[in-house]
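**Student:** Take a look at the following structure, please.
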Amino acid sequence: MIRDVTLVENNFISIFSDAVILYEAAVSAVDEELKSALVKSSILTVNYALEAAANSFVSSVELDDELKGKVDRYSTLEKFGYVVNYHTGKSLPSGAKIYQQVRNLITRRNQMVHPKVNAVGYQVRTTGGGGEPFMHTVIKKAPKKGASQNPKLLGDDPELYTVKDAQAALQAMTSFLNLYVEEWWGIGYENANLFLYQTWDGSIGAMPYMFRPHQIKVLIRNKELLDVRFIGIHGMISLE
């Protein structure tokens, strides 16, 4: 049987599962340089997943070409806010802790992707001399003038990110999207599925979602870490 079908392409699940796989690889890595690279890659991929989710939700709004071009230039959080305001007339709670954490996560991503040359103050301990080679060890980074002392999701220096930072980034994203789907927009995970999964109209008596089994398996095996409620993952595949 040959049919014409329509596939709505969406890469959110693919990107999200990649971020988790990179985190798992960082946990397992023995080499510290490899571990650091995997952590940073996981954090960056979390940001890509956030942008993919924002773009997916924007598709719920009918936009003419002019307005679409304008919305495409919005930041990730502005897109999330635009969708909620369009459908509910409300604004995102920008003062909420999880909102601030995601904003910090995006800021860290921008610093990693668009690095700048900066002169930064450090405290350094120097040892050696008298025939021994000099060794310089950073004690701590001097705080920026006027810098907030509030705890951040991630630190300022991506060279010092650890596995816990990748874990925190994943948890921040899932917590943000849980609140977004369940409360702020309030559409529930079944409706969110239609925006975040790849879908097609060729299913006969089955769910219209398309995905690769490993993408669901990686999310389910990390269910305690992620607490995913903004999309349905259970019952999608057989785990046997």
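Please note that chains go A, B, ... in the order of the structure tokens, that every chain numbers its residues from 1, and that ligands are numbered from 1 in the order shown.
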Within stretch 12-227 of chain A, find each residue whose DSSP state, derived from the backbone, is alpha helix (DSSP H), and express the selection as number ranges by chain.
**Tutor:** A: 12-28, 32-58, 65-72, 76-88, 97-113, 163-179, 188-196, 213-221, 223-226
**Student:** Can you list, as number ranges by chain, every protein, DNA or RNA residue that comes within 9 Å of A:Gln101 when you count only C-alpha atoms, leaving out same-chain residues fewer than 6 positions away?
**Tutor:** A: 152-154, 169, 172-173, 176
**Student:** Suppose you want the space between atom CA of A:Asp165 and atom CA of A:Ile98; what is it in Å?
**Tutor:**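 The value is 15.1 Å.
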**Student:** Which parts of stretch 4-179 of chain A does DSSP call strand (DSSP E or B) when run on the backbone here, written out as number ranges by chain?
**Tutor:** A: 7-8, 122-129, 132-141
**Student:** Can I get the selection written as a compact mmCIF listing (two decimals), in the first residue's frame, with N, CA, C and O atoms?
**Tutor:**
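Saved the output as part-v6.txt:
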# COMPACT_ATOMS: atom_id res chain seq x y z
N LEU A 7 4.17 14.69 7.29
CA LEU A 7 5.03 14.55 8.47
C LEU A 7 5.37 15.94 9.00
O LEU A 7 5.85 16.79 8.25
N VAL A 8 5.07 16.17 10.27
CA VAL A 8 5.45 17.43 10.91
C VAL A 8 6.78 17.20 11.60
O VAL A 8 6.85 16.53 12.65
N TYR A 122 42.43 37.38 39.53
CA TYR A 122 42.51 36.11 40.25
C TYR A 122 43.47 36.26 41.42
O TYR A 122 44.35 37.13 41.42
N GLN A 123 43.31 35.42 42.42
CA GLN A 123 44.32 35.25 43.46
C GLN A 123 45.11 33.99 43.12
O GLN A 123 44.52 32.93 42.88
N VAL A 124 46.45 34.11 43.05
CA VAL A 124 47.29 33.00 42.62
C VAL A 124 48.38 32.75 43.66
O VAL A 124 48.99 33.69 44.17
N ARG A 125 48.61 31.47 43.98
CA ARG A 125 49.70 31.09 44.89
C ARG A 125 50.87 30.58 44.05
O ARG A 125 50.70 29.69 43.21
N THR A 126 52.04 31.14 44.26
CA THR A 126 53.25 30.73 43.54
C THR A 126 54.19 30.02 44.50
O THR A 126 54.49 30.52 45.58
N THR A 127 54.64 28.84 44.11
CA THR A 127 55.58 28.06 44.91
C THR A 127 56.78 27.69 44.04
O THR A 127 56.74 27.78 42.81
N GLY A 128 57.83 27.26 44.66
CA GLY A 128 59.03 26.85 43.92
C GLY A 128 60.14 27.86 44.08
O GLY A 128 60.13 28.71 44.97
N GLY A 129 61.10 27.81 43.21
CA GLY A 129 62.27 28.65 43.31
C GLY A 129 63.41 27.91 43.98
O GLY A 129 63.26 26.78 44.47
N GLU A 132 64.02 24.84 42.08
CA GLU A 132 62.79 24.12 41.76
C GLU A 132 61.97 24.93 40.76
O GLU A 132 62.00 26.17 40.79
N PRO A 133 61.22 24.27 39.87
CA PRO A 133 60.39 25.02 38.92
C PRO A 133 59.27 25.75 39.64
O PRO A 133 58.74 25.28 40.65
N PHE A 134 58.95 26.93 39.16
CA PHE A 134 57.84 27.69 39.74
C PHE A 134 56.51 27.06 39.32
O PHE A 134 56.34 26.63 38.18
N MET A 135 55.59 27.01 40.26
CA MET A 135 54.24 26.53 39.99
C MET A 135 53.25 27.59 40.44
O MET A 135 53.37 28.13 41.55
N HIS A 136 52.27 27.89 39.59
CA HIS A 136 51.27 28.90 39.90
C HIS A 136 49.90 28.23 40.00
O HIS A 136 49.45 27.58 39.06
N THR A 137 49.25 28.38 41.13
CA THR A 137 47.96 27.75 41.38
C THR A 137 46.92 28.81 41.68
O THR A 137 47.11 29.66 42.56
N VAL A 138 45.81 28.76 40.95
CA VAL A 138 44.71 29.70 41.20
C VAL A 138 44.04 29.34 42.51
O VAL A 138 43.63 28.18 42.72
N ILE A 139 43.94 30.32 43.41
CA ILE A 139 43.25 30.10 44.67
C ILE A 139 41.76 30.37 44.50
O ILE A 139 40.90 29.57 44.83
N LYS A 140 41.44 31.53 43.95
CA LYS A 140 40.04 31.85 43.68
C LYS A 140 39.97 33.02 42.72
O LYS A 140 40.91 33.79 42.56
N LYS A 141 38.83 33.12 42.10
CA LYS A 141 38.56 34.19 41.15
C LYS A 141 38.00 35.37 41.93
O LYS A 141 37.11 35.22 42.76
**Student:** Excluding stretch 60-73 of chain A and residues on its chain fewer than 4 positions from it, collect all residues at most 8 Å away from it, counting only C-alpha atoms, and give them as a count of residues only.
**Tutor:** 5
**Student:** Hey, which bits of stretch 62-180 of chain A sit within 6 Å of stretch 213-233 of chain A, and for each residue what's the closest pair of atoms and how far apart in Å (one decimal), counting only C-alpha atoms, rows by chain and increasing number, as a tab-separated table?
**Tutor:**
residue	atom	partner	partner_atom	distance
A:Gln171	CA	A:Leu226	CA	5.7
A:Leu177	CA	A:Phe230	CA	6.0
A:Asn178	CA	A:Phe230	CA	4.7
**Student:** Counting only C-alpha atoms, which of A:Val30, A:Val84, A:Ile43, A:Leu170 gets nearest to A:Arg109?
**Tutor:**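 Of the candidates, the smallest distance to A:Arg109 is held by A:Ile43.
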**Student:** Counting only C-alpha atoms, figure out which residue out of A:Val58, A:Ala96, A:Val163, A:Tyr82 gets nearest to A:Ser28.
**Tutor:**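 For A:Ser28, the nearest of the candidates is A:Val163.
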**Student:** I need the residue nearest A:Thr45 from this list: A:Glu9, A:Leu105, A:Leu179, A:Thr88. Use only C-alpha atoms for the distance.
**Tutor:**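 Checking each of A:Glu9, A:Leu105, A:Leu179, A:Thr88 against A:Thr45, counting only C-alpha atoms, the winner is A:Leu105.
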**Student:** Between A:Ser59, A:Ile21, A:Ala166, A:Asn47, which residue has the minimum interatomic distance to A:Thr107, considering only C-alpha atoms?
**Tutor:**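 Once distances to A:Thr107 are computed over only C-alpha atoms, the minimum belongs to A:Asn47.
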**Student:** Hey, what's within 10 Å of A:Ser14 if we count only C-alpha atoms and toss same-chain stuff fewer than 3 positions away? As a list in words, please?
**Tutor:**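 Residues near the query, excluding close chain neighbours: Asn10, Asn11, Ser17, Asp18, Ala19, Ala49, Tyr197, Gln198, Phe211, Arg212, His214, Gln215 and Ile216 of chain A.
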